[in-house]
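Chemist: I'd like to ask you about the structure that follows.
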Amino acid sequence: MLRLNDIAAAQLTILGKVRRTPLVDSPALSELTQADVRLKLENLQFTGSFKERGACNRLELMPASERARGVITASAGNHAQAVARHAARLGVSVTVVMPEATPLVKVTATRRFGAHVILSGANYDEAAALAATLGAERGLVYLHPFEDPGVIAGQGTVGLELLADAPDLDAIIVPVGGGGLIAGVACAVKESNPRVRVLGVEARRFPSMKHALESIPPPSLPGGKTIADGIAVRRVGELTRELTRKYVDEIALVDEAEIAQAVLILLEREKTVVEGAGAVGVAALLQHRFADLEGKRVAVVLSGGNIDVNLISRIIEHGLVHTGRLVRFVVTVPDVSGVLAELTRVVADSRANVLELNHDRAFSGAELGETLIELVLETHGFEHITQVSERLRQAGYRFERK
């Protein structure tokens, strides 16, 4: 089993090669959650995630004979970039197998560091199976993204930094995928200060660690689509499971809409870009998934910031809908001149802003002599939506809110 001295050694190994990221106060999240919230900004690593720590430590520990053979790994993106960057620094050739649906930003960045990228498989597990096969066939060293003591020790340095920067913490919230990050952080924290609670968060569509702690052996889940692609792991490791069982206090699950809301709040209130996987801890905190955190000193690890700009756009839109700041009305009106001007005047009087407008006679299914007008409005929240609805009703319009 991993021990504290392994993590302390990793901290010395990666010193000067990996960023020591800041721990910052978050007045906005503190106000929303009634806890004293601080954010560990691992999204500020050079490759955009905590994965640099484990990759750097593992590669530095690798003997010259293994480096000469070259390495192969599988990754949904962040581990790939980390391995590629530090392997290039050490002159080690790298092959990375990434799922076909990996965001383009992560694929491009991995190639830019000099790695040979193979896109294969519908998910991480299928990519990992191919990587293991190719590694055996070509004599390459397989560098596992989480089930490796050297990698876990590197990730655990996040925990040592947290305790050094905030020795008075009551709890630390950590995203969970394959378990490398939380296993390392929990080991570092619990062996240094057992009083601090270590809390994990998974996407509800991939509750791999939560299920693994209840099953022997760890099950392989069917999975699904999630905006938290960085933690979309169907099967956790045996070592990460045992470390999590030993050191972690609790694991919670968050839904897709909750993750999107957390990404949006971090972007809008904290001016911080975080990917879905990196935002699950904030999502759990906002949704009060853990008891007894009000008034407590809580650190949340923002594990990564590698997010595709198209996904950001979709997350923002979903988040605006979820928080009542974007709404769609379909209004039935008489098909006569001037009606559109009258309708938009009612909307303007309600202080809503028209973002989109679609006037449909032919395909809406409306009765002859009527037409449907679809309005997408920018609003200030659900109370404002209620006010807009009441204005439309008072003006005599028939409508549906979509």
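In the structure tokens, chains take the letters A, B, ... in the order shown, each chain's residues start at 1, and ligands count up from 1 in the order shown.
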Give me, as a tab-separated table (two decimals) with C-alpha atoms, in the first residue's frame, all polymer residues having an atom no more than 6 Å from stretch 326-343 of chain A, counting only C-alpha atoms and skipping those fewer than 3 positions away in the same chain.

Modeler:
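See out.tsv below for the written result:
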```
chain	number	residue	atom	x	y	z
A	320	LEU	CA	-28.78	29.44	-18.12
A	321	VAL	CA	-31.93	27.37	-18.68
A	346	VAL	CA	-45.43	43.06	-24.14
A	369	GLY	CA	-55.89	31.94	-39.30
A	370	GLU	CA	-53.37	31.42	-36.47
A	371	THR	CA	-49.61	31.20	-36.27
A	372	LEU	CA	-47.06	30.17	-33.68
A	373	ILE	CA	-44.30	32.49	-32.57
A	374	GLU	CA	-41.38	30.93	-30.72
A	375	LEU	CA	-39.49	33.31	-28.45
A	376	VAL	CA	-36.19	32.59	-26.69
A	377	LEU	CA	-35.80	35.16	-23.94
A	378	GLU	CA	-33.01	36.21	-21.63
A	379	THR	CA	-34.41	36.64	-18.12
A	398	ARG	CA	-52.21	31.56	-25.32
A	399	PHE	CA	-48.73	30.15	-24.81
A	400	GLU	CA	-46.61	27.26	-23.64
A	401	ARG	CA	-43.30	27.44	-21.85
A	402	LYS	CA	-40.85	24.95	-23.30
```

Chemist: Leaving out A:Leu243 and any residue of its chain fewer than 2 positions from it, which residues lie within 9 Å of it when counting only C-alpha atoms, given as a list in words?

Modeler: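 These residues fall inside the cut-off: Met1, Leu2, Gly179, Ile182, Ala183, Gly184, Ala186, Cys187, Glu238, Leu239, Thr240, Arg241, Arg245, Lys246, Tyr247 and Val248 of chain A.
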
Chemist: Just write the chosen residues, N, CA and C atoms, as a PDB file, in the first residue's frame.

Modeler:
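Everything below was put into part.pdb:
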```
ATOM      1  N   MET A   1       0.830  -1.203   0.000  1.00  0.00           N
ATOM      2  CA  MET A   1       0.000   0.000   0.000  1.00  0.00           C
ATOM      3  C   MET A   1       0.862   1.250   0.000  1.00  0.00           C
ATOM      4  N   LEU A   2       0.361   2.286  -0.612  1.00  0.00           N
ATOM      5  CA  LEU A   2       1.048   3.572  -0.650  1.00  0.00           C
ATOM      6  C   LEU A   2       1.129   4.156   0.761  1.00  0.00           C
ATOM      7  N   GLY A 179      -9.691   6.930  -9.619  1.00  0.00           N
ATOM      8  CA  GLY A 179      -9.374   6.929  -8.197  1.00  0.00           C
ATOM      9  C   GLY A 179      -7.964   7.337  -7.850  1.00  0.00           C
ATOM     10  N   ILE A 182      -7.934  10.865  -5.720  1.00  0.00           N
ATOM     11  CA  ILE A 182      -8.471  10.815  -4.367  1.00  0.00           C
ATOM     12  C   ILE A 182      -7.695   9.837  -3.498  1.00  0.00           C
ATOM     13  N   ALA A 183      -7.182   8.756  -4.096  1.00  0.00           N
ATOM     14  CA  ALA A 183      -6.380   7.811  -3.316  1.00  0.00           C
ATOM     15  C   ALA A 183      -5.122   8.479  -2.787  1.00  0.00           C
ATOM     16  N   GLY A 184      -4.437   9.223  -3.662  1.00  0.00           N
ATOM     17  CA  GLY A 184      -3.214   9.901  -3.245  1.00  0.00           C
ATOM     18  C   GLY A 184      -3.474  11.013  -2.252  1.00  0.00           C
ATOM     19  N   ALA A 186      -6.101  11.412  -0.275  1.00  0.00           N
ATOM     20  CA  ALA A 186      -6.617  10.877   0.990  1.00  0.00           C
ATOM     21  C   ALA A 186      -5.499  10.271   1.830  1.00  0.00           C
ATOM     22  N   CYS A 187      -4.588   9.564   1.189  1.00  0.00           N
ATOM     23  CA  CYS A 187      -3.459   8.985   1.915  1.00  0.00           C
ATOM     24  C   CYS A 187      -2.609  10.083   2.541  1.00  0.00           C
ATOM     25  N   GLU A 238      -7.776  -1.743  -8.506  1.00  0.00           N
ATOM     26  CA  GLU A 238      -7.790  -2.452  -7.226  1.00  0.00           C
ATOM     27  C   GLU A 238      -7.057  -1.645  -6.160  1.00  0.00           C
ATOM     28  N   LEU A 239      -5.893  -1.073  -6.524  1.00  0.00           N
ATOM     29  CA  LEU A 239      -5.125  -0.302  -5.559  1.00  0.00           C
ATOM     30  C   LEU A 239      -5.863   0.965  -5.164  1.00  0.00           C
ATOM     31  N   THR A 240      -6.421   1.671  -6.142  1.00  0.00           N
ATOM     32  CA  THR A 240      -7.142   2.910  -5.810  1.00  0.00           C
ATOM     33  C   THR A 240      -8.383   2.604  -4.974  1.00  0.00           C
ATOM     34  N   ARG A 241      -9.020   1.463  -5.249  1.00  0.00           N
ATOM     35  CA  ARG A 241     -10.189   1.095  -4.451  1.00  0.00           C
ATOM     36  C   ARG A 241      -9.805   0.860  -2.992  1.00  0.00           C
ATOM     37  N   ARG A 245     -11.051   2.943   0.155  1.00  0.00           N
ATOM     38  CA  ARG A 245     -11.761   2.289   1.255  1.00  0.00           C
ATOM     39  C   ARG A 245     -11.109   2.613   2.603  1.00  0.00           C
ATOM     40  N   LYS A 246      -9.791   2.680   2.613  1.00  0.00           N
ATOM     41  CA  LYS A 246      -9.062   2.904   3.868  1.00  0.00           C
ATOM     42  C   LYS A 246      -9.139   4.345   4.346  1.00  0.00           C
ATOM     43  N   TYR A 247      -9.074   5.294   3.400  1.00  0.00           N
ATOM     44  CA  TYR A 247      -8.871   6.680   3.808  1.00  0.00           C
ATOM     45  C   TYR A 247     -10.038   7.634   3.550  1.00  0.00           C
ATOM     46  N   VAL A 248     -10.905   7.341   2.580  1.00  0.00           N
ATOM     47  CA  VAL A 248     -11.934   8.315   2.185  1.00  0.00           C
ATOM     48  C   VAL A 248     -13.174   8.162   3.053  1.00  0.00           C
TER      49      VAL A 248
END
```

Chemist: Could you write out, as a VMD selection string, all the residues of stretch 51-234 of chain A that DSSP marks as strand (DSSP E or B)?

Modeler: chain A and resid 71 to 74 94 to 98 116 to 119 141 to 142 171 to 175 197 to 203

Chemist: Any chance you can output those residues with C-alpha atoms as a compact mmCIF listing (two decimals), in the first residue's frame?

Modeler:
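Ended up saving to again_27.txt:
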```
# COMPACT_ATOMS: atom_id res chain seq x y z
CA VAL A 71 5.81 4.17 -23.27
CA ILE A 72 2.20 3.69 -24.21
CA THR A 73 -0.87 4.81 -22.32
CA ALA A 74 -4.60 5.31 -22.66
CA VAL A 94 5.06 8.13 -26.39
CA THR A 95 2.04 6.46 -27.97
CA VAL A 96 -1.38 7.41 -26.63
CA VAL A 97 -4.68 5.65 -27.34
CA MET A 98 -7.62 8.01 -26.86
CA HIS A 116 1.70 9.55 -31.48
CA VAL A 117 -2.08 9.54 -30.97
CA ILE A 118 -4.37 6.65 -31.91
CA LEU A 119 -8.11 7.37 -31.73
CA VAL A 141 6.06 0.21 -21.14
CA TYR A 142 2.38 0.61 -20.26
CA ALA A 171 -12.75 18.89 4.74
CA ILE A 172 -11.35 18.38 1.25
CA ILE A 173 -13.60 17.58 -1.74
CA VAL A 174 -11.99 15.67 -4.61
CA PRO A 175 -13.28 14.51 -8.04
CA ARG A 197 -12.59 14.71 6.14
CA VAL A 198 -11.79 13.57 2.60
CA LEU A 199 -14.88 13.53 0.39
CA GLY A 200 -15.11 12.19 -3.16
CA VAL A 201 -17.50 13.11 -5.96
CA GLU A 202 -18.43 11.10 -9.08
CA ALA A 203 -20.74 11.76 -12.01
```

Chemist: Could you pull the residues within 9 Å of A:Leu160, counting only C-alpha atoms, minus those fewer than 5 positions along the same chain, as a list in words?

Modeler: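 Non-adjacent residues within range: Ile7, Ala8, Gln11, Asp165, Val185, Ala188, Val189 and Ser192 of chain A.
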
Chemist: Would you please work out which residue, of A:His79, A:His380, A:His86, A:Arg53, is nearest to A:Thr13 when using only C-alpha atoms?

Modeler: A:Arg53

Chemist: Atom CA of A:Asp125 to atom CA of A:Glu256: how many Å, to one decimal?

Modeler: 21.0 Å

Chemist: From the DSSP assignment of the backbone, select every residue of stretch 113-164 of chain A that is helix (DSSP H, G or I), and format the answer as a ChimeraX atom specification.

Modeler: /A:124-138,149-164

Chemist: Those selected residues, please, written with C-alpha atoms and delivered as an mmCIF file, in the first residue's frame.

Modeler:
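Output contents, as saved in selection-v8.cif:
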```
data_model
loop_
_atom_site.group_PDB
_atom_site.id
_atom_site.type_symbol
_atom_site.label_atom_id
_atom_site.label_comp_id
_atom_site.auth_asym_id
_atom_site.auth_seq_id
_atom_site.Cartn_x
_atom_site.Cartn_y
_atom_site.Cartn_z
ATOM 1 C CA TYR A 124 -11.681 4.994 -21.974
ATOM 2 C CA ASP A 125 -11.924 1.284 -21.171
ATOM 3 C CA GLU A 126 -11.917 0.256 -24.823
ATOM 4 C CA ALA A 127 -8.967 2.575 -25.478
ATOM 5 C CA ALA A 128 -7.117 1.099 -22.499
ATOM 6 C CA ALA A 129 -7.653 -2.452 -23.760
ATOM 7 C CA LEU A 130 -6.087 -1.556 -27.110
ATOM 8 C CA ALA A 131 -3.203 0.268 -25.414
ATOM 9 C CA ALA A 132 -2.401 -2.790 -23.298
ATOM 10 C CA THR A 133 -2.474 -5.036 -26.378
ATOM 11 C CA LEU A 134 -0.256 -2.732 -28.442
ATOM 12 C CA GLY A 135 2.145 -2.323 -25.550
ATOM 13 C CA ALA A 136 2.610 -6.080 -25.253
ATOM 14 C CA GLU A 137 3.047 -6.482 -29.002
ATOM 15 C CA ARG A 138 5.578 -3.649 -29.392
ATOM 16 C CA PRO A 149 1.851 3.586 -7.131
ATOM 17 C CA GLY A 150 4.164 6.148 -8.739
ATOM 18 C CA VAL A 151 1.259 7.932 -10.388
ATOM 19 C CA ILE A 152 -0.848 7.884 -7.217
ATOM 20 C CA ALA A 153 2.056 9.219 -5.155
ATOM 21 C CA GLY A 154 2.418 12.111 -7.590
ATOM 22 C CA GLN A 155 -1.275 12.952 -7.373
ATOM 23 C CA GLY A 156 -1.043 12.798 -3.590
ATOM 24 C CA THR A 157 1.195 15.873 -3.587
ATOM 25 C CA VAL A 158 -2.014 17.894 -4.015
ATOM 26 C CA GLY A 159 -2.932 16.806 -0.488
ATOM 27 C CA LEU A 160 0.438 17.834 0.961
ATOM 28 C CA GLU A 161 0.124 21.281 -0.616
ATOM 29 C CA LEU A 162 -3.388 21.696 0.743
ATOM 30 C CA LEU A 163 -2.289 20.927 4.286
ATOM 31 C CA ALA A 164 0.728 23.221 3.985
#
```

Chemist: I'd like the contact shell of A:Val196 - 7 Å cut-off, only C-alpha atoms, skipping same-chain residues fewer than 6 positions apart - returned as an NGL selection string.

Modeler: :A and (169-171 or 190)

Chemist: With only C-alpha atoms as the atoms that count, which of A:Ser26, A:Asn193, A:Gln394, A:Ser75 lies nearest to A:Lys51?

Modeler: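 Using only C-alpha atoms, the shortest distance to A:Lys51 belongs to A:Ser75.
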
Chemist: When you look at A:Ile307 with a cut-off of 9 Å (counting only C-alpha atoms), what residues show up, excluding the ones that are within fewer than 4 positions of it in the same chain? I need them as JSON, numbers by chain.

Modeler: {"A": [103, 105, 106, 273, 274, 275, 276, 311, 312]}

Chemist: Taking N, CA and C atoms for each residue, export the selection above as an mmCIF file, in the first residue's frame.

Modeler:
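Final output, saved to out_3.cif:
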```
data_model
loop_
_atom_site.group_PDB
_atom_site.id
_atom_site.type_symbol
_atom_site.label_atom_id
_atom_site.label_comp_id
_atom_site.auth_asym_id
_atom_site.auth_seq_id
_atom_site.Cartn_x
_atom_site.Cartn_y
_atom_site.Cartn_z
ATOM 1 N N PRO A 103 -12.490 15.136 -26.726
ATOM 2 C CA PRO A 103 -12.561 16.512 -27.242
ATOM 3 C C PRO A 103 -11.329 16.877 -28.057
ATOM 4 N N VAL A 105 -9.714 19.563 -28.417
ATOM 5 C CA VAL A 105 -8.708 20.369 -27.741
ATOM 6 C C VAL A 105 -7.681 19.482 -27.047
ATOM 7 N N LYS A 106 -8.125 18.331 -26.519
ATOM 8 C CA LYS A 106 -7.207 17.437 -25.819
ATOM 9 C C LYS A 106 -6.362 16.630 -26.805
ATOM 10 N N VAL A 273 -12.042 28.893 -15.714
ATOM 11 C CA VAL A 273 -12.512 27.899 -16.676
ATOM 12 C C VAL A 273 -12.166 26.500 -16.151
ATOM 13 N N VAL A 274 -13.185 25.685 -15.938
ATOM 14 C CA VAL A 274 -13.002 24.340 -15.393
ATOM 15 C C VAL A 274 -13.816 23.355 -16.223
ATOM 16 N N GLU A 275 -13.233 22.223 -16.537
ATOM 17 C CA GLU A 275 -13.968 21.198 -17.283
ATOM 18 C C GLU A 275 -14.980 20.508 -16.367
ATOM 19 N N GLY A 276 -15.883 19.738 -16.980
ATOM 20 C CA GLY A 276 -16.933 19.093 -16.195
ATOM 21 C C GLY A 276 -16.393 18.238 -15.074
ATOM 22 N N LEU A 311 -18.298 22.837 -26.136
ATOM 23 C CA LEU A 311 -18.967 22.298 -24.957
ATOM 24 C C LEU A 311 -19.243 23.407 -23.953
ATOM 25 N N ILE A 312 -18.306 24.345 -23.824
ATOM 26 C CA ILE A 312 -18.551 25.490 -22.936
ATOM 27 C C ILE A 312 -19.830 26.204 -23.357
#
```

Chemist: If I take atom CA of A:Val83 and atom CA of A:Ala68, how far is one from the other in Å, to one decimal?

Modeler: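 Computing it gives 15.2 Å between the two atoms.
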
Chemist: Taking only C-alpha atoms into account, name the residue in A:Glu390, A:Glu42, A:Glu356, A:Asp6 that is nearest to A:Arg19.

Modeler: A:Glu42

Chemist: For a quick check of understanding, using only C-alpha atoms, which of A:Asp25, A:Asp308, A:Asp360, A:Glu52 has the smallest distance to A:Ala166?

Modeler: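 With only C-alpha atoms as the atom set, the closest residue is A:Asp25.
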
Chemist: Which residues come within 12 Å of A:Ala35, counting only C-alpha atoms, excluding same-chain residues fewer than 2 positions away, as an MDAnalysis selection string?

Modeler: chainID A and resid 25:33 37:38 169:171 282 285:286 288 290:300

Chemist: Which is closest to A:Ala88 among A:Ser120, A:Thr110, A:Ser313, A:Thr102, if we use only C-alpha atoms?

Modeler: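 Among the listed residues, the smallest separation from A:Ala88 belongs to A:Thr110.
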